[in-house]
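Text of the file final-v4.pdb, holding PDB, C-alpha atoms, pLDDT in the B column:
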```pdb
ATOM      1  CA  HIS A 144       8.825  17.195 -31.145  1.00 76.00           C
ATOM      2  CA  VAL A 145      11.937  15.272 -32.142  1.00 81.00           C
ATOM      3  CA  GLN A 146      13.852  14.829 -35.363  1.00 88.00           C
ATOM      4  CA  ASN A 147      13.884  11.045 -35.032  1.00 87.00           C
ATOM      5  CA  THR A 148      12.011   8.664 -32.730  1.00 83.00           C
ATOM      6  CA  SER A 149      15.368   7.185 -31.702  1.00 83.00           C
ATOM      7  CA  ASP A 150      15.984  10.484 -29.864  1.00 81.00           C
ATOM      8  CA  ILE A 151      13.222   9.534 -27.437  1.00 82.00           C
ATOM      9  CA  TRP A 152      14.841   6.297 -26.216  1.00 81.00           C
ATOM     10  CA  HIS A 153      12.201   4.724 -23.957  1.00 85.00           C
ATOM     11  CA  PHE A 154       9.042   6.427 -22.841  1.00 85.00           C
ATOM     12  CA  LYS A 155       6.502   5.850 -20.093  1.00 90.00           C
ATOM     13  CA  ILE A 156       2.946   7.183 -20.162  1.00 92.00           C
ATOM     14  CA  THR A 157       2.363   8.936 -16.826  1.00 91.00           C
ATOM     15  CA  SER A 158      -1.233  10.029 -17.317  1.00 94.00           C
ATOM     16  CA  GLU A 159      -4.094   9.998 -19.774  1.00 94.00           C
ATOM     17  CA  SER A 160      -7.211  12.145 -19.616  1.00 94.00           C
ATOM     18  CA  ALA A 161     -10.054  13.620 -21.636  1.00 93.00           C
ATOM     19  CA  ILE A 162      -9.747  17.329 -22.395  1.00 91.00           C
ATOM     20  CA  ALA A 163     -12.755  17.579 -24.732  1.00 91.00           C
ATOM     21  CA  ALA A 164     -15.274  15.317 -26.412  1.00 92.00           C
ATOM     22  CA  GLY A 165     -13.286  12.830 -28.468  1.00 91.00           C
ATOM     23  CA  VAL A 166      -9.947  14.460 -27.513  1.00 93.00           C
ATOM     24  CA  ARG A 167      -7.499  12.693 -25.209  1.00 93.00           C
ATOM     25  CA  ARG A 168      -4.368  14.061 -23.578  1.00 94.00           C
ATOM     26  CA  ILE A 169      -1.456  11.718 -22.965  1.00 91.00           C
ATOM     27  CA  GLU A 170       1.465  12.805 -20.809  1.00 92.00           C
ATOM     28  CA  ASP A 171       4.666  10.830 -20.671  1.00 90.00           C
ATOM     29  CA  ILE A 172       8.289  10.947 -19.688  1.00 90.00           C
ATOM     30  CA  THR A 173      11.211  10.028 -21.912  1.00 87.00           C
ATOM     31  CA  SER A 174      14.931   9.417 -21.937  1.00 84.00           C
ATOM     32  CA  ASP A 175      16.725   9.775 -18.578  1.00 87.00           C
ATOM     33  CA  ALA A 176      13.492  10.520 -16.685  1.00 90.00           C
ATOM     34  CA  THR A 177      12.189   7.098 -17.735  1.00 90.00           C
ATOM     35  CA  LYS A 178      15.425   5.426 -16.698  1.00 90.00           C
ATOM     36  CA  ASP A 179      15.268   7.212 -13.321  1.00 93.00           C
ATOM     37  CA  LEU A 180      11.641   6.149 -12.815  1.00 92.00           C
ATOM     38  CA  TYR A 181      12.426   2.499 -13.488  1.00 92.00           C
ATOM     39  CA  PHE A 182      15.521   2.686 -11.289  1.00 94.00           C
ATOM     40  CA  GLU A 183      13.485   4.132  -8.386  1.00 95.00           C
ATOM     41  CA  ASN A 184      10.719   1.556  -8.832  1.00 93.00           C
ATOM     42  CA  ASN A 185      13.279  -1.248  -8.896  1.00 95.00           C
ATOM     43  CA  ARG A 186      15.026   0.143  -5.789  1.00 96.00           C
ATOM     44  CA  ALA A 187      11.700   0.402  -3.945  1.00 95.00           C
ATOM     45  CA  PHE A 188      10.808  -3.164  -4.934  1.00 92.00           C
ATOM     46  CA  PHE A 189      14.082  -4.527  -3.549  1.00 92.00           C
ATOM     47  CA  GLU A 190      13.657  -2.502  -0.345  1.00 93.00           C
ATOM     48  CA  ILE A 191      10.222  -4.062   0.089  1.00 92.00           C
ATOM     49  CA  LYS A 192      11.656  -7.525  -0.567  1.00 91.00           C
ATOM     50  CA  ASP A 193      14.400  -6.904   2.007  1.00 91.00           C
ATOM     51  CA  TYR A 194      11.843  -5.693   4.536  1.00 91.00           C
ATOM     52  CA  LEU A 195       9.797  -8.853   3.911  1.00 89.00           C
ATOM     53  CA  LYS A 196      12.933 -10.937   4.505  1.00 88.00           C
ATOM     54  CA  ASN A 197      13.515 -11.652   0.796  1.00 82.00           C
ATOM     55  CA  SER A 198      10.145 -13.276   0.274  1.00 84.00           C
ATOM     56  CA  LYS A 199       9.921 -15.232  -2.982  1.00 86.00           C
ATOM     57  CA  ASN A 200       6.472 -13.719  -3.570  1.00 89.00           C
ATOM     58  CA  PRO A 201       6.250 -10.260  -1.955  1.00 89.00           C
ATOM     59  CA  LEU A 202       2.680  -9.677  -3.148  1.00 91.00           C
ATOM     60  CA  LYS A 203       1.408 -12.850  -1.456  1.00 92.00           C
ATOM     61  CA  THR A 204       3.328 -11.953   1.702  1.00 92.00           C
ATOM     62  CA  ILE A 205       1.735  -8.490   1.793  1.00 93.00           C
ATOM     63  CA  ILE A 206      -1.741  -9.962   1.218  1.00 95.00           C
ATOM     64  CA  ASP A 207      -1.145 -12.482   4.024  1.00 94.00           C
ATOM     65  CA  LEU A 208      -0.004  -9.673   6.347  1.00 94.00           C
ATOM     66  CA  GLN A 209      -3.114  -7.632   5.544  1.00 96.00           C
ATOM     67  CA  ASP A 210      -5.346 -10.655   6.224  1.00 97.00           C
ATOM     68  CA  GLU A 211      -3.557 -11.321   9.510  1.00 97.00           C
ATOM     69  CA  ASN A 212      -3.906  -7.645  10.440  1.00 97.00           C
ATOM     70  CA  THR A 213      -7.666  -7.778   9.804  1.00 97.00           C
ATOM     71  CA  ILE A 214      -8.024 -10.888  11.963  1.00 98.00           C
ATOM     72  CA  LEU A 215      -5.982  -9.337  14.783  1.00 98.00           C
ATOM     73  CA  LYS A 216      -8.045  -6.129  14.682  1.00 97.00           C
ATOM     74  CA  LYS A 217     -11.238  -8.177  15.047  1.00 97.00           C
ATOM     75  CA  GLN A 218      -9.733 -10.099  17.964  1.00 97.00           C
ATOM     76  CA  ILE A 219      -8.754  -6.853  19.692  1.00 97.00           C
ATOM     77  CA  GLU A 220     -12.253  -5.465  19.146  1.00 96.00           C
ATOM     78  CA  ASN A 221     -13.802  -8.593  20.661  1.00 95.00           C
ATOM     79  CA  LEU A 222     -11.415  -8.497  23.626  1.00 95.00           C
ATOM     80  CA  LEU A 223     -12.279  -4.846  24.286  1.00 93.00           C
ATOM     81  CA  LYS A 224     -16.010  -5.671  24.166  1.00 91.00           C
ATOM     82  CA  ASP A 225     -15.496  -8.550  26.630  1.00 90.00           C
ATOM     83  CA  LYS A 226     -13.437  -6.298  28.881  1.00 91.00           C
ATOM     84  CA  ALA A 227     -16.207  -3.668  28.848  1.00 87.00           C
ATOM     85  CA  LYS A 228     -18.816  -6.320  29.757  1.00 85.00           C
ATOM     86  CA  ASN A 229     -16.660  -7.606  32.616  1.00 87.00           C
ATOM     87  CA  LEU A 230     -16.065  -4.085  33.876  1.00 87.00           C
ATOM     88  CA  LYS A 231     -19.796  -3.381  33.817  1.00 81.00           C
ATOM     89  CA  GLY A 232     -20.450  -6.575  35.805  1.00 80.00           C
ATOM     90  CA  ASP A 233     -17.738  -5.697  38.328  1.00 81.00           C
ATOM     91  CA  LEU A 234     -19.149  -2.197  38.809  1.00 81.00           C
ATOM     92  CA  ILE A 235     -22.657  -3.569  39.373  1.00 80.00           C
ATOM     93  CA  LEU A 236     -21.310  -5.896  42.095  1.00 79.00           C
ATOM     94  CA  GLU A 237     -19.607  -2.946  43.830  1.00 80.00           C
ATOM     95  CA  VAL A 238     -22.783  -0.862  44.018  1.00 78.00           C
ATOM     96  CA  GLU A 239     -23.908  -0.173  47.593  1.00 78.00           C
ATOM     97  CA  ALA A 240     -27.236   1.169  48.647  1.00 76.00           C
ATOM     98  CA  ILE A 241     -26.888   4.186  50.931  1.00 78.00           C
ATOM     99  CA  ASN A 242     -29.959   5.265  52.952  1.00 74.00           C
TER     100      ASN A 242
END
```
Output the structure of this file as structure tokens.
Amino acid sequence: HVQNTSDIWHFKITSESAIAAGVRRIEDITSDATKDLYFENNRAFFEIKDYLKNSKNPLKTIIDLQDENTILKKQIENLLKDKAKNLKGDLILEVEAIN
């Protein structure tokens, strides 16, 4: 409880849940905690942008990387299957009948 809503400064809802039928619980942070949260989020965003070589659209870059990763995983899987087939064929050719 505060004397005046101006005492709150900014606030950020951190969670919302049902605690009973028709009753909701809202948890939030205010004042310096909100400022710290936004500062940390902003810092993390710029670290991500730096890591992505200052991409103009970091979200698109991440989506493209995930798509590329999926394609590469499928290629590796196919190469491993082909390698297993070739190995099986090579082993069959090396089989010798003894007695």
Resolved residues for the PyMOL selection byres ((chain A and resi 154) around 7) as a ChimeraX atom specification: /A:151-153,155-156,171-174,177
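The spacing separating CA of Thr148 (chain A) from CA of Asp175 (chain A) amounts to 15.0 Å.
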Distance CA of Phe189 (chain A)-CA of Lys216 (chain A), one decimal place?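 Separating CA of Phe189 (chain A) from CA of Lys216 (chain A) is a distance of 28.7 Å.
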Leu202 (chain A) environment, 10 Å, all atoms listed in the file, sequence neighbours closer than 4 positions dropped, as an mmCIF file with C-alpha atoms, keeping the file's coordinate frame:
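Once written, out.cif looks like this:
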```cif
data_model
loop_
_atom_site.group_PDB
_atom_site.id
_atom_site.type_symbol
_atom_site.label_atom_id
_atom_site.label_comp_id
_atom_site.auth_asym_id
_atom_site.auth_seq_id
_atom_site.Cartn_x
_atom_site.Cartn_y
_atom_site.Cartn_z
ATOM 1 C CA ILE A 191 10.222 -4.062 0.089
ATOM 2 C CA LYS A 192 11.656 -7.525 -0.567
ATOM 3 C CA SER A 198 10.145 -13.276 0.274
ATOM 4 C CA ILE A 206 -1.741 -9.962 1.218
ATOM 5 C CA ASP A 207 -1.145 -12.482 4.024
ATOM 6 C CA LEU A 208 -0.004 -9.673 6.347
#
```
Which residue out of A:Lys196, A:Asp210, A:Val145, A:Thr157 has the minimum interatomic distance to Ile169 (chain A) when only C-alpha atoms are used?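 Checking each candidate against Ile169 (chain A), we get A:Thr157 as the closest.
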Using the file's own x, y and z axes, what box holds all listed atoms of region 186-203 of chain A with 3 Å on each side, keeping edges along x, y and z, and what are its centre and edge lengths in Å to one decimal, as AutoDock Vina command-line options?
```
--center_x 8.2 --center_y -7.4 --center_z -0.6 --size_x 19.6 --size_y 21.6 --size_z 16.3
```
Distance CA of Glu220 (chain A)-CA of Ile205 (chain A), one decimal place?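 Answer for the CA of Glu220 (chain A) to CA of Ile205 (chain A) separation: 22.5 Å.
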Where atoms are absent from region 182-206 of chain A, fill them in so it carries N, CA and C atoms, then output it as a PDB file, keeping the file's coordinate frame.
```pdb
ATOM      1  N   PHE A 182      14.516   2.924 -12.316  1.00 94.00           N
ATOM      2  CA  PHE A 182      15.521   2.686 -11.289  1.00 94.00           C
ATOM      3  C   PHE A 182      14.899   2.830  -9.899  1.00 94.00           C
ATOM      4  N   GLU A 183      14.124   3.897  -9.688  1.00 95.00           N
ATOM      5  CA  GLU A 183      13.485   4.132  -8.386  1.00 95.00           C
ATOM      6  C   GLU A 183      12.473   3.036  -8.067  1.00 95.00           C
ATOM      7  N   ASN A 184      11.685   2.636  -9.048  1.00 93.00           N
ATOM      8  CA  ASN A 184      10.719   1.556  -8.832  1.00 93.00           C
ATOM      9  C   ASN A 184      11.427   0.252  -8.477  1.00 93.00           C
ATOM     10  N   ASN A 185      12.517  -0.038  -9.158  1.00 95.00           N
ATOM     11  CA  ASN A 185      13.279  -1.248  -8.896  1.00 95.00           C
ATOM     12  C   ASN A 185      13.897  -1.198  -7.496  1.00 95.00           C
ATOM     13  N   ARG A 186      14.429  -0.025  -7.114  1.00 96.00           N
ATOM     14  CA  ARG A 186      15.026   0.143  -5.789  1.00 96.00           C
ATOM     15  C   ARG A 186      13.963  -0.055  -4.710  1.00 96.00           C
ATOM     16  N   ALA A 187      12.791   0.532  -4.912  1.00 95.00           N
ATOM     17  CA  ALA A 187      11.700   0.402  -3.945  1.00 95.00           C
ATOM     18  C   ALA A 187      11.266  -1.059  -3.826  1.00 95.00           C
ATOM     19  N   PHE A 188      11.194  -1.752  -4.952  1.00 92.00           N
ATOM     20  CA  PHE A 188      10.808  -3.164  -4.934  1.00 92.00           C
ATOM     21  C   PHE A 188      11.791  -3.984  -4.102  1.00 92.00           C
ATOM     22  N   PHE A 189      13.097  -3.759  -4.300  1.00 92.00           N
ATOM     23  CA  PHE A 189      14.082  -4.527  -3.549  1.00 92.00           C
ATOM     24  C   PHE A 189      14.101  -4.142  -2.075  1.00 92.00           C
ATOM     25  N   GLU A 190      13.785  -2.896  -1.752  1.00 93.00           N
ATOM     26  CA  GLU A 190      13.657  -2.502  -0.345  1.00 93.00           C
ATOM     27  C   GLU A 190      12.486  -3.235   0.300  1.00 93.00           C
ATOM     28  N   ILE A 191      11.389  -3.338  -0.424  1.00 92.00           N
ATOM     29  CA  ILE A 191      10.222  -4.062   0.089  1.00 92.00           C
ATOM     30  C   ILE A 191      10.574  -5.533   0.283  1.00 92.00           C
ATOM     31  N   LYS A 192      11.255  -6.120  -0.699  1.00 91.00           N
ATOM     32  CA  LYS A 192      11.656  -7.525  -0.567  1.00 91.00           C
ATOM     33  C   LYS A 192      12.564  -7.723   0.642  1.00 91.00           C
ATOM     34  N   ASP A 193      13.516  -6.808   0.848  1.00 91.00           N
ATOM     35  CA  ASP A 193      14.400  -6.904   2.007  1.00 91.00           C
ATOM     36  C   ASP A 193      13.603  -6.809   3.298  1.00 91.00           C
ATOM     37  N   TYR A 194      12.666  -5.869   3.345  1.00 91.00           N
ATOM     38  CA  TYR A 194      11.843  -5.693   4.536  1.00 91.00           C
ATOM     39  C   TYR A 194      11.020  -6.941   4.829  1.00 91.00           C
ATOM     40  N   LEU A 195      10.583  -7.628   3.768  1.00 89.00           N
ATOM     41  CA  LEU A 195       9.797  -8.853   3.911  1.00 89.00           C
ATOM     42  C   LEU A 195      10.693 -10.083   4.001  1.00 89.00           C
ATOM     43  N   LYS A 196      11.950  -9.855   4.339  1.00 88.00           N
ATOM     44  CA  LYS A 196      12.933 -10.937   4.505  1.00 88.00           C
ATOM     45  C   LYS A 196      13.104 -11.752   3.228  1.00 88.00           C
ATOM     46  N   ASN A 197      13.273 -11.047   2.108  1.00 82.00           N
ATOM     47  CA  ASN A 197      13.515 -11.652   0.796  1.00 82.00           C
ATOM     48  C   ASN A 197      12.487 -12.713   0.422  1.00 82.00           C
ATOM     49  N   SER A 198      11.239 -12.384   0.640  1.00 84.00           N
ATOM     50  CA  SER A 198      10.145 -13.276   0.274  1.00 84.00           C
ATOM     51  C   SER A 198      10.212 -13.590  -1.220  1.00 84.00           C
ATOM     52  N   LYS A 199       9.929 -14.843  -1.569  1.00 86.00           N
ATOM     53  CA  LYS A 199       9.921 -15.232  -2.982  1.00 86.00           C
ATOM     54  C   LYS A 199       8.760 -14.567  -3.719  1.00 86.00           C
ATOM     55  N   ASN A 200       7.656 -14.330  -2.980  1.00 89.00           N
ATOM     56  CA  ASN A 200       6.472 -13.719  -3.570  1.00 89.00           C
ATOM     57  C   ASN A 200       6.009 -12.578  -2.662  1.00 89.00           C
ATOM     58  N   PRO A 201       6.590 -11.379  -2.842  1.00 89.00           N
ATOM     59  CA  PRO A 201       6.250 -10.260  -1.955  1.00 89.00           C
ATOM     60  C   PRO A 201       4.772  -9.903  -1.952  1.00 89.00           C
ATOM     61  N   LEU A 202       4.099 -10.014  -3.089  1.00 91.00           N
ATOM     62  CA  LEU A 202       2.680  -9.677  -3.148  1.00 91.00           C
ATOM     63  C   LEU A 202       1.864 -10.595  -2.242  1.00 91.00           C
ATOM     64  N   LYS A 203       2.129 -11.895  -2.305  1.00 92.00           N
ATOM     65  CA  LYS A 203       1.408 -12.850  -1.456  1.00 92.00           C
ATOM     66  C   LYS A 203       1.718 -12.573   0.008  1.00 92.00           C
ATOM     67  N   THR A 204       2.948 -12.251   0.321  1.00 92.00           N
ATOM     68  CA  THR A 204       3.328 -11.953   1.702  1.00 92.00           C
ATOM     69  C   THR A 204       2.579 -10.731   2.217  1.00 92.00           C
ATOM     70  N   ILE A 205       2.460  -9.696   1.388  1.00 93.00           N
ATOM     71  CA  ILE A 205       1.735  -8.490   1.793  1.00 93.00           C
ATOM     72  C   ILE A 205       0.250  -8.799   1.987  1.00 93.00           C
ATOM     73  N   ILE A 206      -0.324  -9.583   1.089  1.00 95.00           N
ATOM     74  CA  ILE A 206      -1.741  -9.962   1.218  1.00 95.00           C
ATOM     75  C   ILE A 206      -1.950 -10.753   2.502  1.00 95.00           C
TER      76      ILE A 206
END
```
